[in-house]
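protein_34.txt follows; it contains compact mmCIF, C-alpha atoms.
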# COMPACT_ATOMS: atom_id res chain seq x y z
CA MET A 1 0.49 -152.77 -151.27
CA ALA A 2 -2.48 -151.97 -149.06
CA MET A 3 -5.82 -153.42 -150.12
CA GLN A 4 -9.31 -152.50 -149.04
CA ALA A 5 -12.02 -155.10 -148.59
CA THR A 6 -15.66 -155.24 -147.62
CA VAL A 7 -17.07 -157.71 -145.11
CA ALA A 8 -20.84 -158.10 -145.26
CA ILE A 9 -22.79 -159.34 -142.27
CA ALA A 10 -26.56 -159.49 -142.27
CA ASP A 11 -28.56 -157.14 -140.10
CA HIS A 12 -25.64 -155.73 -138.15
CA HIS A 13 -27.29 -152.37 -137.70
CA ALA A 14 -30.00 -153.87 -135.51
CA SER A 15 -27.91 -156.47 -133.74
CA PRO A 16 -25.10 -156.51 -131.15
CA THR A 17 -22.78 -158.31 -133.55
CA TYR A 18 -20.11 -155.65 -133.30
CA ALA A 19 -19.98 -155.37 -129.52
CA GLY A 20 -16.46 -154.56 -128.46
CA LEU A 21 -15.24 -153.21 -131.79
CA SER A 22 -13.09 -150.11 -131.63
CA SER A 23 -10.74 -148.55 -134.12
CA SER A 24 -7.96 -148.45 -131.54
CA SER A 25 -7.84 -152.23 -131.46
CA PHE A 26 -7.14 -152.63 -135.15
CA GLY A 27 -3.92 -150.80 -135.87
CA SER A 28 -3.41 -148.52 -138.86
CA ALA A 29 -3.26 -148.54 -142.67
CA SER A 30 -6.11 -149.28 -145.07
CA GLN A 31 -9.71 -149.65 -144.06
CA LEU A 32 -11.93 -152.63 -143.48
CA ARG A 33 -15.56 -151.94 -144.18
CA LEU A 34 -18.02 -153.86 -142.03
CA SER A 35 -21.50 -153.78 -143.45
CA SER A 36 -24.79 -155.57 -143.79
CA ALA A 37 -25.15 -158.09 -146.57
CA SER A 38 -27.78 -155.76 -147.97
CA SER A 39 -26.17 -152.49 -146.99
CA SER A 40 -23.11 -150.33 -147.22
CA CYS A 41 -23.44 -149.02 -143.67
CA ILE A 42 -20.08 -148.72 -141.98
CA ALA A 43 -19.77 -150.23 -138.55
CA SER A 44 -16.06 -149.85 -137.94
CA SER A 45 -12.67 -149.68 -139.65
CA SER A 46 -9.50 -151.69 -139.44
CA SER A 47 -6.40 -152.53 -141.37
CA LEU A 48 -6.07 -155.23 -143.99
CA PHE A 49 -3.05 -156.04 -146.10
CA GLN A 50 -2.78 -158.01 -149.28
CA GLY A 51 -2.78 -161.68 -148.41
CA ASP A 52 -4.88 -161.31 -145.28
CA ALA A 53 -7.85 -163.63 -144.97
CA LEU A 54 -11.17 -163.87 -143.17
CA TYR A 55 -11.92 -167.01 -141.22
CA SER A 56 -15.17 -168.45 -139.90
CA SER A 57 -15.33 -170.40 -136.69
CA SER A 58 -15.29 -174.18 -136.73
CA ARG A 59 -17.82 -174.08 -133.88
CA GLY A 60 -20.75 -173.36 -136.18
CA GLY A 61 -20.55 -169.62 -135.68
CA ALA A 62 -18.10 -167.00 -136.81
CA LEU A 63 -15.35 -165.04 -135.12
CA LEU A 64 -14.28 -162.96 -138.12
CA LEU A 65 -10.56 -163.31 -137.72
CA ILE A 66 -7.93 -161.52 -139.73
CA SER A 67 -4.63 -163.30 -140.09
CA GLY A 68 -1.52 -162.14 -141.83
CA SER A 69 1.45 -159.93 -141.13
CA LYS A 70 2.13 -162.18 -138.11
CA ARG A 71 -1.08 -161.25 -136.34
CA ARG A 72 -4.52 -162.71 -135.73
CA THR A 73 -7.15 -160.28 -134.50
CA GLN A 74 -10.66 -161.11 -133.38
CA LEU A 75 -13.24 -158.61 -134.62
CA GLY A 76 -16.10 -158.53 -132.14
CA ALA A 77 -17.52 -161.06 -129.76
CA TYR A 78 -18.53 -164.56 -130.81
CA ARG A 79 -22.08 -164.88 -132.11
CA PRO A 80 -24.07 -167.93 -133.23
CA ALA A 81 -24.10 -168.81 -136.89
CA ALA A 82 -27.59 -167.33 -137.22
CA PHE A 83 -26.04 -163.90 -136.98
CA PHE A 84 -23.86 -164.61 -140.01
CA PRO A 85 -26.05 -166.06 -142.76
CA SER A 86 -23.75 -164.47 -145.32
CA VAL A 87 -20.15 -163.52 -144.80
CA ARG A 88 -18.24 -162.53 -147.88
CA ALA A 89 -15.26 -160.42 -148.90
CA SER A 90 -15.92 -158.01 -151.73
CA SER A 91 -13.12 -157.22 -154.15
CA SER A 92 -14.80 -154.02 -155.33
CA ALA A 93 -12.62 -151.78 -153.21
CA SER A 94 -9.44 -153.49 -154.49
CA THR A 95 -10.11 -151.96 -157.90
CA PRO A 96 -10.56 -148.24 -157.17
CA LYS A 97 -12.37 -146.11 -159.72
CA LYS A 98 -11.59 -142.61 -160.93
CA VAL A 99 -14.81 -140.67 -160.39
CA LEU A 100 -15.79 -137.20 -161.56
CA ILE A 101 -18.77 -135.48 -159.90
CA ILE A 102 -20.30 -132.42 -161.56
CA ASN A 103 -21.82 -130.66 -158.56
CA THR A 104 -24.45 -127.93 -158.44
CA ASN A 105 -23.59 -124.72 -156.61
CA SER A 106 -27.00 -124.31 -154.97
CA GLY A 107 -30.11 -126.15 -153.83
CA GLY A 108 -30.59 -129.39 -151.98
CA HIS A 109 -28.53 -131.51 -154.37
CA ALA A 110 -25.27 -129.74 -153.47
CA VAL A 111 -24.88 -131.75 -150.29
CA ILE A 112 -25.20 -135.03 -152.21
CA GLY A 113 -21.91 -134.40 -153.94
CA PHE A 114 -20.22 -133.46 -150.67
CA TRP A 115 -21.25 -136.65 -148.90
CA LEU A 116 -20.63 -138.83 -151.93
CA VAL A 117 -17.04 -137.64 -152.18
CA LYS A 118 -16.52 -138.54 -148.53
CA GLU A 119 -18.01 -142.00 -149.03
CA LEU A 120 -16.06 -142.78 -152.19
CA GLN A 121 -12.74 -141.52 -150.81
CA SER A 122 -13.19 -143.61 -147.68
CA ARG A 123 -13.65 -146.67 -149.89
CA GLY A 124 -10.44 -146.10 -151.83
CA HIS A 125 -11.73 -144.40 -154.97
CA GLU A 126 -10.06 -141.38 -156.57
CA VAL A 127 -12.54 -138.51 -156.73
CA THR A 128 -12.64 -135.12 -158.41
CA ILE A 129 -15.59 -132.81 -157.73
CA LEU A 130 -16.23 -130.04 -160.24
CA THR A 131 -18.50 -127.38 -158.76
CA VAL A 132 -20.35 -125.04 -161.08
CA GLY A 133 -19.11 -121.45 -161.01
CA ASP A 134 -16.15 -119.71 -159.40
CA GLU A 135 -14.37 -120.68 -156.20
CA SER A 136 -14.36 -117.04 -155.08
CA SER A 137 -18.13 -116.53 -155.41
CA ASP A 138 -20.27 -115.75 -152.37
CA LYS A 139 -22.06 -119.08 -152.78
CA MET A 140 -18.88 -120.87 -151.81
CA LYS A 141 -19.02 -119.25 -148.37
CA LYS A 142 -22.04 -121.39 -147.53
CA THR A 143 -22.13 -125.06 -146.61
CA PRO A 144 -21.31 -127.57 -147.96
CA PHE A 145 -18.79 -125.61 -150.08
CA SER A 146 -17.22 -123.92 -147.05
CA ARG A 147 -16.31 -127.42 -145.86
CA PHE A 148 -14.56 -128.56 -149.03
CA SER A 149 -11.26 -128.51 -147.15
CA GLU A 150 -12.51 -131.72 -145.52
CA LEU A 151 -12.67 -133.32 -148.96
CA ARG A 152 -9.18 -132.18 -149.93
CA GLU A 153 -7.78 -133.45 -146.62
CA ALA A 154 -9.31 -136.83 -147.47
CA GLY A 155 -7.45 -136.84 -150.80
CA ALA A 156 -10.13 -135.58 -153.17
CA LYS A 157 -9.56 -132.92 -155.80
CA THR A 158 -11.86 -129.89 -155.89
CA VAL A 159 -12.15 -127.76 -159.03
CA TRP A 160 -14.57 -125.15 -160.33
CA GLY A 161 -15.78 -124.42 -163.82
CA ASP A 162 -18.48 -124.51 -166.46
CA PRO A 163 -20.18 -127.91 -167.00
CA SER A 164 -20.59 -127.04 -170.67
CA ASN A 165 -16.79 -127.18 -170.92
CA VAL A 166 -15.67 -129.93 -168.55
CA GLY A 167 -12.32 -130.33 -170.28
CA ALA A 168 -11.29 -126.78 -169.40
CA ALA A 169 -11.71 -127.58 -165.71
CA VAL A 170 -10.18 -131.07 -165.54
CA GLY A 171 -7.64 -130.87 -168.34
CA SER A 172 -6.51 -134.14 -169.81
CA ALA A 173 -7.67 -136.24 -166.86
CA SER A 174 -9.74 -139.33 -167.65
CA PHE A 175 -12.39 -140.95 -165.49
CA ASP A 176 -14.05 -144.34 -165.16
CA VAL A 177 -17.27 -142.85 -163.82
CA VAL A 178 -18.96 -139.48 -164.34
CA LEU A 179 -21.93 -138.31 -162.26
CA ASP A 180 -23.94 -135.22 -163.15
CA ASN A 181 -25.38 -133.81 -159.94
CA ASN A 182 -26.20 -130.44 -161.44
CA GLY A 183 -28.34 -130.25 -164.57
CA LYS A 184 -32.12 -130.41 -164.67
CA ASP A 185 -32.63 -130.67 -168.43
CA LEU A 186 -30.87 -131.95 -171.52
CA ASP A 187 -29.46 -128.55 -172.48
CA ALA A 188 -27.52 -128.48 -169.22
CA VAL A 189 -26.49 -132.13 -169.04
CA LYS A 190 -25.87 -133.08 -172.67
CA PRO A 191 -22.44 -131.38 -172.83
CA VAL A 192 -21.36 -133.38 -169.78
CA ILE A 193 -22.73 -136.65 -171.19
CA ASP A 194 -21.05 -136.09 -174.57
CA TRP A 195 -17.74 -135.15 -172.94
CA ALA A 196 -17.87 -138.26 -170.73
CA LYS A 197 -18.57 -140.47 -173.73
CA GLY A 198 -15.76 -138.95 -175.77
CA ASN A 199 -13.39 -139.13 -172.81
CA GLY A 200 -13.88 -142.89 -172.43
CA ALA A 201 -15.95 -143.03 -169.25
CA GLN A 202 -17.41 -146.49 -168.75
CA GLN A 203 -20.27 -145.46 -166.47
CA PHE A 204 -22.51 -142.37 -166.45
CA LEU A 205 -24.78 -141.54 -163.54
CA PHE A 206 -27.39 -138.81 -163.24
CA ALA A 207 -28.96 -137.22 -160.16
CA SER A 208 -32.54 -136.80 -161.30
CA SER A 209 -35.61 -136.12 -159.13
CA ALA A 210 -38.59 -138.03 -157.75
CA GLY A 211 -40.58 -134.92 -158.58
CA ILE A 212 -40.92 -136.17 -162.17
CA TYR A 213 -43.47 -138.82 -161.17
CA LYS A 214 -47.07 -138.18 -162.07
CA THR A 215 -49.52 -138.00 -159.19
CA SER A 216 -50.61 -141.51 -158.31
CA ASP A 217 -53.68 -142.96 -156.63
CA GLU A 218 -51.52 -145.88 -155.50
CA PRO A 219 -48.59 -144.56 -153.44
CA PRO A 220 -45.73 -144.95 -152.90
CA HIS A 221 -43.99 -144.22 -156.18
CA VAL A 222 -41.89 -147.13 -157.41
CA GLU A 223 -39.48 -147.30 -160.30
CA GLY A 224 -41.44 -147.76 -163.50
CA ASP A 225 -44.35 -145.55 -162.46
CA ALA A 226 -45.53 -142.99 -165.00
CA VAL A 227 -43.48 -139.79 -165.24
CA LYS A 228 -44.22 -136.35 -166.62
CA ALA A 229 -43.15 -136.47 -170.27
CA ASP A 230 -42.29 -132.77 -170.30
CA ALA A 231 -40.04 -132.91 -167.22
CA GLY A 232 -36.48 -131.92 -168.07
CA HIS A 233 -34.97 -134.79 -166.08
CA VAL A 234 -36.90 -137.29 -168.22
CA GLY A 235 -35.22 -136.07 -171.40
CA VAL A 236 -31.82 -136.48 -169.77
CA GLU A 237 -32.56 -140.04 -168.69
CA GLN A 238 -33.76 -140.93 -172.18
CA TYR A 239 -30.65 -139.49 -173.82
CA ILE A 240 -28.27 -141.33 -171.51
CA ALA A 241 -30.12 -144.58 -172.20
CA SER A 242 -29.72 -144.07 -175.95
CA LEU A 243 -25.93 -144.11 -175.74
CA SER A 244 -23.65 -147.09 -175.40
CA PHE A 245 -22.10 -146.58 -171.98
CA SER A 246 -21.04 -149.86 -170.40
CA SER A 247 -23.24 -148.86 -167.48
CA TRP A 248 -25.63 -146.03 -166.71
CA ALA A 249 -28.14 -145.26 -163.99
CA SER A 250 -30.35 -142.47 -162.75
CA PHE A 251 -31.14 -141.57 -159.13
CA ARG A 252 -34.35 -139.84 -158.09
CA PRO A 253 -34.08 -138.23 -154.63
CA GLN A 254 -36.79 -136.41 -152.68
CA TYR A 255 -36.30 -134.24 -149.60
CA MET A 256 -33.00 -134.55 -147.76
CA VAL A 257 -31.43 -133.88 -144.39
CA GLY A 258 -27.78 -134.07 -143.43
CA SER A 259 -24.86 -132.03 -142.24
CA GLY A 260 -23.90 -129.41 -144.80
CA ASN A 261 -27.34 -129.05 -146.35
CA ASN A 262 -28.01 -125.43 -147.33
CA LYS A 263 -31.66 -125.80 -148.33
CA ASP A 264 -34.24 -125.41 -145.58
CA CYS A 265 -36.01 -128.57 -144.59
CA GLU A 266 -35.95 -129.32 -140.89
CA GLU A 267 -34.77 -125.74 -140.23
CA TRP A 268 -38.24 -124.46 -141.17
CA PHE A 269 -39.69 -126.40 -138.27
CA PHE A 270 -36.88 -125.55 -135.84
CA ASP A 271 -37.34 -121.84 -136.57
CA ARG A 272 -40.85 -121.97 -135.14
CA ILE A 273 -40.34 -124.52 -132.40
CA VAL A 274 -37.40 -122.79 -130.66
CA ARG A 275 -39.36 -119.51 -130.61
CA ASP A 276 -42.39 -121.21 -129.06
CA ARG A 277 -44.49 -120.38 -132.09
CA PRO A 278 -47.27 -122.59 -133.42
CA VAL A 279 -46.23 -124.69 -136.41
CA PRO A 280 -48.88 -124.21 -139.12
CA ILE A 281 -49.28 -127.22 -141.35
CA PRO A 282 -51.87 -127.88 -144.06
CA TYR A 283 -54.87 -129.85 -142.82
CA PRO A 284 -55.11 -132.71 -141.89
CA GLY A 285 -51.39 -133.29 -141.15
CA VAL A 286 -51.36 -136.98 -142.04
CA GLN A 287 -49.91 -136.37 -145.49
CA VAL A 288 -46.95 -138.71 -145.97
CA THR A 289 -43.64 -137.64 -147.44
CA ASN A 290 -40.10 -139.02 -147.53
CA ILE A 291 -37.14 -137.30 -145.90
CA SER A 292 -33.83 -139.09 -146.38
CA HIS A 293 -30.45 -138.57 -144.83
CA VAL A 294 -27.92 -137.82 -147.53
CA LYS A 295 -25.76 -140.65 -146.17
CA ASP A 296 -28.34 -143.09 -147.50
CA LEU A 297 -28.19 -141.46 -150.92
CA SER A 298 -24.39 -141.50 -151.06
CA SER A 299 -24.23 -145.15 -149.98
CA MET A 300 -26.71 -146.08 -152.71
CA ILE A 301 -24.75 -144.29 -155.43
CA THR A 302 -21.51 -145.82 -154.16
CA LEU A 303 -22.98 -149.31 -154.48
CA ALA A 304 -23.93 -148.53 -158.08
CA ILE A 305 -20.37 -147.40 -158.81
CA GLU A 306 -18.92 -150.54 -157.26
CA ASN A 307 -21.48 -152.79 -158.97
CA PRO A 308 -21.92 -151.26 -162.43
CA ALA A 309 -23.39 -154.38 -164.03
CA ALA A 310 -26.11 -154.63 -161.39
CA ALA A 311 -26.91 -150.93 -161.70
CA ASN A 312 -26.89 -150.75 -165.48
CA GLY A 313 -29.97 -149.32 -167.14
CA THR A 314 -31.80 -148.68 -163.87
CA THR A 315 -33.57 -145.71 -162.35
CA PHE A 316 -33.30 -145.76 -158.58
CA ASN A 317 -35.56 -143.98 -156.12
CA ALA A 318 -32.84 -142.46 -153.94
CA VAL A 319 -34.85 -142.29 -150.75
CA SER A 320 -34.94 -143.86 -147.32
CA ASP A 321 -37.28 -146.78 -146.81
CA ARG A 322 -39.70 -145.09 -144.38
CA GLY A 323 -42.14 -142.25 -144.86
CA VAL A 324 -43.10 -139.63 -142.30
CA THR A 325 -46.30 -137.62 -141.83
CA PHE A 326 -46.31 -133.84 -141.47
CA ASN A 327 -47.52 -134.36 -137.90
CA GLY A 328 -44.70 -136.80 -137.24
CA LEU A 329 -42.07 -134.45 -138.59
CA VAL A 330 -43.21 -131.64 -136.29
CA LYS A 331 -43.11 -134.01 -133.32
CA PHE A 332 -39.65 -135.33 -134.20
CA CYS A 333 -38.26 -131.82 -134.63
CA ALA A 334 -39.80 -130.72 -131.34
CA ALA A 335 -38.31 -133.74 -129.57
CA ALA A 336 -34.88 -132.92 -131.04
CA ALA A 337 -35.21 -129.40 -129.65
CA GLY A 338 -36.47 -130.58 -126.27
CA LYS A 339 -39.81 -128.81 -126.74
CA GLU A 340 -43.48 -129.72 -126.85
CA PRO A 341 -44.96 -129.36 -130.34
CA LYS A 342 -47.65 -126.76 -131.01
CA ILE A 343 -49.42 -127.69 -134.23
CA VAL A 344 -52.17 -125.69 -135.89
CA TYR A 345 -53.97 -126.83 -139.04
CA TYR A 346 -55.18 -124.64 -141.87
CA ASP A 347 -56.66 -124.72 -145.36
CA PRO A 348 -54.31 -122.76 -147.68
CA LYS A 349 -57.19 -121.52 -149.84
CA ALA A 350 -59.25 -120.36 -146.87
CA ALA A 351 -56.20 -118.64 -145.39
CA GLY A 352 -55.45 -116.92 -148.69
CA VAL A 353 -51.88 -118.17 -148.93
CA ASP A 354 -49.88 -120.05 -151.54
CA ALA A 355 -49.18 -123.46 -150.01
CA LYS A 356 -45.89 -123.70 -151.91
CA LYS A 357 -44.63 -120.56 -150.17
CA ALA A 358 -46.20 -121.15 -146.78
CA PHE A 359 -44.96 -124.73 -146.28
CA PRO A 360 -41.70 -126.43 -147.37
CA PHE A 361 -43.26 -129.65 -148.70
CA ARG A 362 -45.88 -130.58 -151.26
CA ASN A 363 -49.33 -130.52 -149.71
CA MET A 364 -50.15 -134.10 -150.63
CA HIS A 365 -48.98 -137.67 -150.14
CA PHE A 366 -45.62 -137.64 -151.89
CA TYR A 367 -43.22 -140.43 -151.15
CA ALA A 368 -41.30 -143.11 -153.02
CA GLU A 369 -39.97 -146.55 -152.25
CA PRO A 370 -36.32 -147.58 -152.89
CA ARG A 371 -37.35 -150.93 -154.36
CA ALA A 372 -34.76 -151.12 -157.15
CA ALA A 373 -31.83 -150.31 -154.87
CA LYS A 374 -32.79 -153.06 -152.48
CA GLU A 375 -33.37 -155.65 -155.19
CA LYS A 376 -30.47 -154.86 -157.51
CA LEU A 377 -27.80 -153.42 -155.23
CA GLY A 378 -28.63 -155.03 -151.91
CA TRP A 379 -28.89 -151.54 -150.42
CA LYS A 380 -30.32 -150.88 -146.98
CA SER A 381 -31.05 -147.63 -145.18
CA CYS A 382 -28.64 -146.97 -142.34
CA THR A 383 -30.23 -143.88 -140.82
CA ASN A 384 -32.92 -142.97 -138.31
CA LEU A 385 -34.85 -139.74 -138.82
CA PRO A 386 -35.53 -138.85 -135.16
CA GLU A 387 -31.83 -139.32 -134.33
CA ASP A 388 -30.72 -137.49 -137.48
CA LEU A 389 -32.84 -134.51 -136.48
CA LYS A 390 -31.10 -134.33 -133.10
CA GLU A 391 -27.80 -134.00 -134.93
CA ARG A 392 -29.24 -131.34 -137.20
CA PHE A 393 -30.62 -129.39 -134.24
CA GLU A 394 -27.16 -129.30 -132.66
CA GLU A 395 -25.82 -127.75 -135.85
CA TYR A 396 -28.79 -125.39 -136.02
CA THR A 397 -27.96 -123.95 -132.61
CA ALA A 398 -24.20 -124.08 -133.20
CA ILE A 399 -24.49 -121.58 -136.07
CA GLY A 400 -26.76 -119.35 -133.99
CA ARG A 401 -29.82 -119.60 -136.18
CA ASP A 402 -32.00 -120.00 -133.10
CA LYS A 403 -31.04 -116.42 -132.16
CA LYS A 404 -31.55 -114.81 -135.57
CA ASP A 405 -34.34 -112.34 -136.26
CA ILE A 406 -36.74 -114.20 -138.54
CA LYS A 407 -39.93 -112.81 -140.01
CA PHE A 408 -43.09 -114.93 -140.04
CA GLU A 409 -45.44 -112.85 -142.17
CA LEU A 410 -47.15 -115.81 -143.84
CA ASP A 411 -47.50 -117.62 -140.52
CA ASP A 412 -49.10 -114.54 -139.00
CA LYS A 413 -51.50 -114.31 -141.93
CA ILE A 414 -52.49 -117.94 -141.47
CA LEU A 415 -52.94 -117.56 -137.71
CA ALA A 416 -55.03 -114.43 -138.20
CA SER A 417 -57.28 -116.25 -140.65
CA LEU A 418 -57.87 -118.99 -138.08
CA GLU A 419 -58.88 -116.45 -135.43
CA THR A 420 -61.49 -114.88 -137.73
CA ALA A 421 -62.81 -118.16 -139.17
Could I get this file's structure written as structure tokens?
Amino acid sequence: MAMQATVAIADHHASPTYAGLSSSSFGSASQLRLSSASSSCIASSSSLFQGDALYSSSRGGALLLISGSKRRTQLGAYRPAAFFPSVRASSSASTPKKVLIINTNSGGHAVIGFWLVKELQSRGHEVTILTVGDESSDKMKKTPFSRFSELREAGAKTVWGDPSNVGAAVGSASFDVVLDNNGKDLDAVKPVIDWAKGNGAQQFLFASSAGIYKTSDEPPHVEGDAVKADAGHVGVEQYIASLSFSSWASFRPQYMVGSGNNKDCEEWFFDRIVRDRPVPIPYPGVQVTNISHVKDLSSMITLAIENPAAANGTTFNAVSDRGVTFNGLVKFCAAAAGKEPKIVYYDPKAAGVDAKKAFPFRNMHFYAEPRAAKEKLGWKSCTNLPEDLKERFEEYTAIGRDKKDIKFELDDKILASLETA
């Protein structure tokens, strides 16, 4: 029987530890996950069979050898022991979980479910994703839903239905873990929570929002900071905590980027940059926000699923570990497009525009720190925003959005106000 395992190696993402690794050198079958001791980043894949073992070098370093099935394969070049302060095999992937994801059919959260299914399937878990609504609806023609065939090809099950009646969509199936990535208040999520509890789920997870934090004079937001008592997500978190699940956790994301995202984020900037238009941003442009690749979010949730005791009773800021200024975001997007940035600053009130409609982000410092994920799950961000934006720009041009006729009425109003000021 094939078995999956995790090998953790500290700081691989920033080191040449894996020089020479290639999937072609490892054969076929199950996967070997190579990751940082504090991360679930995937460096390469290989085959492991039950009974295989990992060996360290007797020379004070480590070669990471796999033996078994009459073979002994060296994974990567030899490195001094300092590169391997912690090498361990995790048994989490040898006990796959049955996971149900209730996925929204719109908004930025939709792509979380898509990427999470990919991550969980690749790690040997059995995943069903229940998307709100009907498979034949026009919404399903958009990404990430139009790419659900990728999930089915990976072995996942895709179903559609009403989250207030989960049983009608999944039948008699039972699940170890249920994640609600749809509801924003208790009315929407309570039926899912109650169904999960009655169906014997051991762990319940909720995709909440970092938007529930109260404005702070001491950024960034960390877990435990004051939240808005009337926010719908807060009521959901409180209700989950009141029940006796073996494990529960809540994840609070902010803004996201990533392939399959159908909510404008970086696209807003690309739209102006590729057309050589000025990018109007609220003065002074040094406001800090947090934009995370959805891969970081999915890796964090996966760690919570594979380490339920460590995750239990915790709210996690599901964000990357670096902020970015409005100025920086314009510059990164321009660099991805191979253009020089043209930034203009304005005061929304003086320009007579609603800042919420004229700009895609909150006009303030608004960013969180993933402190709990690092401390409790050993999570580490694996992404790089400037590089991620290059990938997103390739997709932007591939779908022809750079050629579409886009109206910029609010931009023109802002620019006109600056000329008359």
* Which one is closest to Ala318 (chain A): A:Gln287, A:Thr302, A:Ser209, A:Asn182? Count all atoms listed in the file. ->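 Using all atoms listed in the file, Ala318 (chain A) sits closest to A:Ser209.
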What are the closest atom pairs, with distances in Å to one decimal, for each residue of region 267-333 of chain A lying within 10 Å of region 363-375 of chain A, using all atoms listed in the file, rows by chain and rising residue number, as a Markdown table?
| residue | atom | partner | partner_atom | distance |
| --- | --- | --- | --- | --- |
| A:Ile281 | CA | A:Asn363 | CA | 9.0 |
| A:Pro282 | CA | A:Asn363 | CA | 6.7 |
| A:Tyr283 | CA | A:Asn363 | CA | 8.9 |
| A:Pro284 | CA | A:Asn363 | CA | 10.0 |
| A:Gly285 | CA | A:Asn363 | CA | 9.2 |
| A:Val286 | CA | A:His365 | CA | 8.5 |
| A:Gln287 | CA | A:His365 | CA | 4.9 |
| A:Val288 | CA | A:His365 | CA | 4.8 |
| A:Thr289 | CA | A:Tyr367 | CA | 4.7 |
| A:Asn290 | CA | A:Tyr367 | CA | 5.0 |
| A:Ile291 | CA | A:Tyr367 | CA | 8.6 |
| A:Met300 | CA | A:Ala373 | CA | 7.0 |
| A:Ile301 | CA | A:Ala373 | CA | 9.3 |
| A:Leu303 | CA | A:Ala373 | CA | 8.9 |
| A:Ala304 | CA | A:Ala373 | CA | 8.7 |
| A:Ala310 | CA | A:Glu375 | CA | 9.6 |
| A:Ala311 | CA | A:Ala373 | CA | 8.4 |
| A:Thr314 | CA | A:Ala372 | CA | 7.7 |
| A:Thr315 | CA | A:Ala372 | CA | 7.6 |
| A:Phe316 | CA | A:Ala372 | CA | 5.7 |
| A:Asn317 | CA | A:Pro370 | CA | 4.9 |
| A:Ala318 | CA | A:Pro370 | CA | 6.3 |
| A:Val319 | CA | A:Pro370 | CA | 5.9 |
| A:Ser320 | CA | A:Pro370 | CA | 6.8 |
| A:Asp321 | CA | A:Glu369 | CA | 6.1 |
| A:Arg322 | CA | A:Glu369 | CA | 8.0 |
| A:Gly323 | CA | A:Tyr367 | CA | 6.6 |
| A:Val324 | CA | A:Tyr367 | CA | 8.9 |
| A:Thr325 | CA | A:His365 | CA | 8.7 |
| A:Phe326 | CA | A:Asn363 | CA | 9.4 |
Export, as a short mmCIF file (atom, residue, chain, number, x, y, z; two decimals), keeping the file's coordinate frame, the selected residues with C-alpha atoms.
data_model
loop_
_atom_site.label_atom_id
_atom_site.label_comp_id
_atom_site.auth_asym_id
_atom_site.auth_seq_id
_atom_site.Cartn_x
_atom_site.Cartn_y
_atom_site.Cartn_z
CA ILE A 281 -49.28 -127.22 -141.35
CA PRO A 282 -51.87 -127.88 -144.06
CA TYR A 283 -54.87 -129.85 -142.82
CA PRO A 284 -55.11 -132.71 -141.89
CA GLY A 285 -51.39 -133.29 -141.15
CA VAL A 286 -51.36 -136.98 -142.04
CA GLN A 287 -49.91 -136.37 -145.49
CA VAL A 288 -46.95 -138.71 -145.97
CA THR A 289 -43.64 -137.64 -147.44
CA ASN A 290 -40.10 -139.02 -147.53
CA ILE A 291 -37.14 -137.30 -145.90
CA MET A 300 -26.71 -146.08 -152.71
CA ILE A 301 -24.75 -144.29 -155.43
CA LEU A 303 -22.98 -149.31 -154.48
CA ALA A 304 -23.93 -148.53 -158.08
CA ALA A 310 -26.11 -154.63 -161.39
CA ALA A 311 -26.91 -150.93 -161.70
CA THR A 314 -31.80 -148.68 -163.87
CA THR A 315 -33.57 -145.71 -162.35
CA PHE A 316 -33.30 -145.76 -158.58
CA ASN A 317 -35.56 -143.98 -156.12
CA ALA A 318 -32.84 -142.46 -153.94
CA VAL A 319 -34.85 -142.29 -150.75
CA SER A 320 -34.94 -143.86 -147.32
CA ASP A 321 -37.28 -146.78 -146.81
CA ARG A 322 -39.70 -145.09 -144.38
CA GLY A 323 -42.14 -142.25 -144.86
CA VAL A 324 -43.10 -139.63 -142.30
CA THR A 325 -46.30 -137.62 -141.83
CA PHE A 326 -46.31 -133.84 -141.47
#
For region 255-279 of chain A versus region 394-413 of chain A, which residues have an atom no more than 8 Å away, and what is each residue's nearest atom pair and distance in Å rounded to one decimal, using all atoms listed in the file, chain-then-number order, as a Markdown table?
| residue | atom | partner | partner_atom | distance |
| --- | --- | --- | --- | --- |
| A:Ser259 | CA | A:Glu395 | CA | 7.8 |
| A:Glu267 | CA | A:Tyr396 | CA | 7.3 |
| A:Phe270 | CA | A:Asp402 | CA | 7.9 |
| A:Asp271 | CA | A:Asp402 | CA | 6.6 |
| A:Val274 | CA | A:Asp402 | CA | 6.5 |
| A:Arg275 | CA | A:Asp402 | CA | 7.8 |
Any chance you could export the current selection's C-alpha atoms as a tab-separated table (two decimals), in the coordinates of the input?
chain	number	residue	atom	x	y	z
A	259	SER	CA	-24.86	-132.03	-142.24
A	267	GLU	CA	-34.77	-125.74	-140.23
A	270	PHE	CA	-36.88	-125.55	-135.84
A	271	ASP	CA	-37.34	-121.84	-136.57
A	274	VAL	CA	-37.40	-122.79	-130.66
A	275	ARG	CA	-39.36	-119.51	-130.61
* To do: Determine the nearest neighbour of Lys357 (chain A) from the options A:Lys118, A:Asn327, A:Trp268, A:Glu223, counting all atoms listed in the file.
  =>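 Residue with the minimum atom-to-atom distance to Lys357 (chain A): A:Trp268.
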Using all atoms listed in the file, what does the table of region 283-368 of chain A residues within 9 Å of region 194-204 of chain A look like, with each row giving the shortest atom pair and its distance in Å to one decimal, sorted by chain and ascending number, as a Markdown table?
| residue | atom | partner | partner_atom | distance |
| --- | --- | --- | --- | --- |
| A:Ile305 | CA | A:Gln203 | CA | 7.9 |
| A:Pro308 | CA | A:Gln203 | CA | 7.3 |
| A:Asn312 | CA | A:Gln203 | CA | 8.5 |
Create the file for the chosen residues now, containing C-alpha atoms and written as a PDB file, in the coordinates of the input.
ATOM      1  CA  ILE A 305     -20.370-147.400-158.810  1.00  0.00           C
ATOM      2  CA  PRO A 308     -21.920-151.260-162.430  1.00  0.00           C
ATOM      3  CA  ASN A 312     -26.890-150.750-165.480  1.00  0.00           C
TER       4      ASN A 312
END
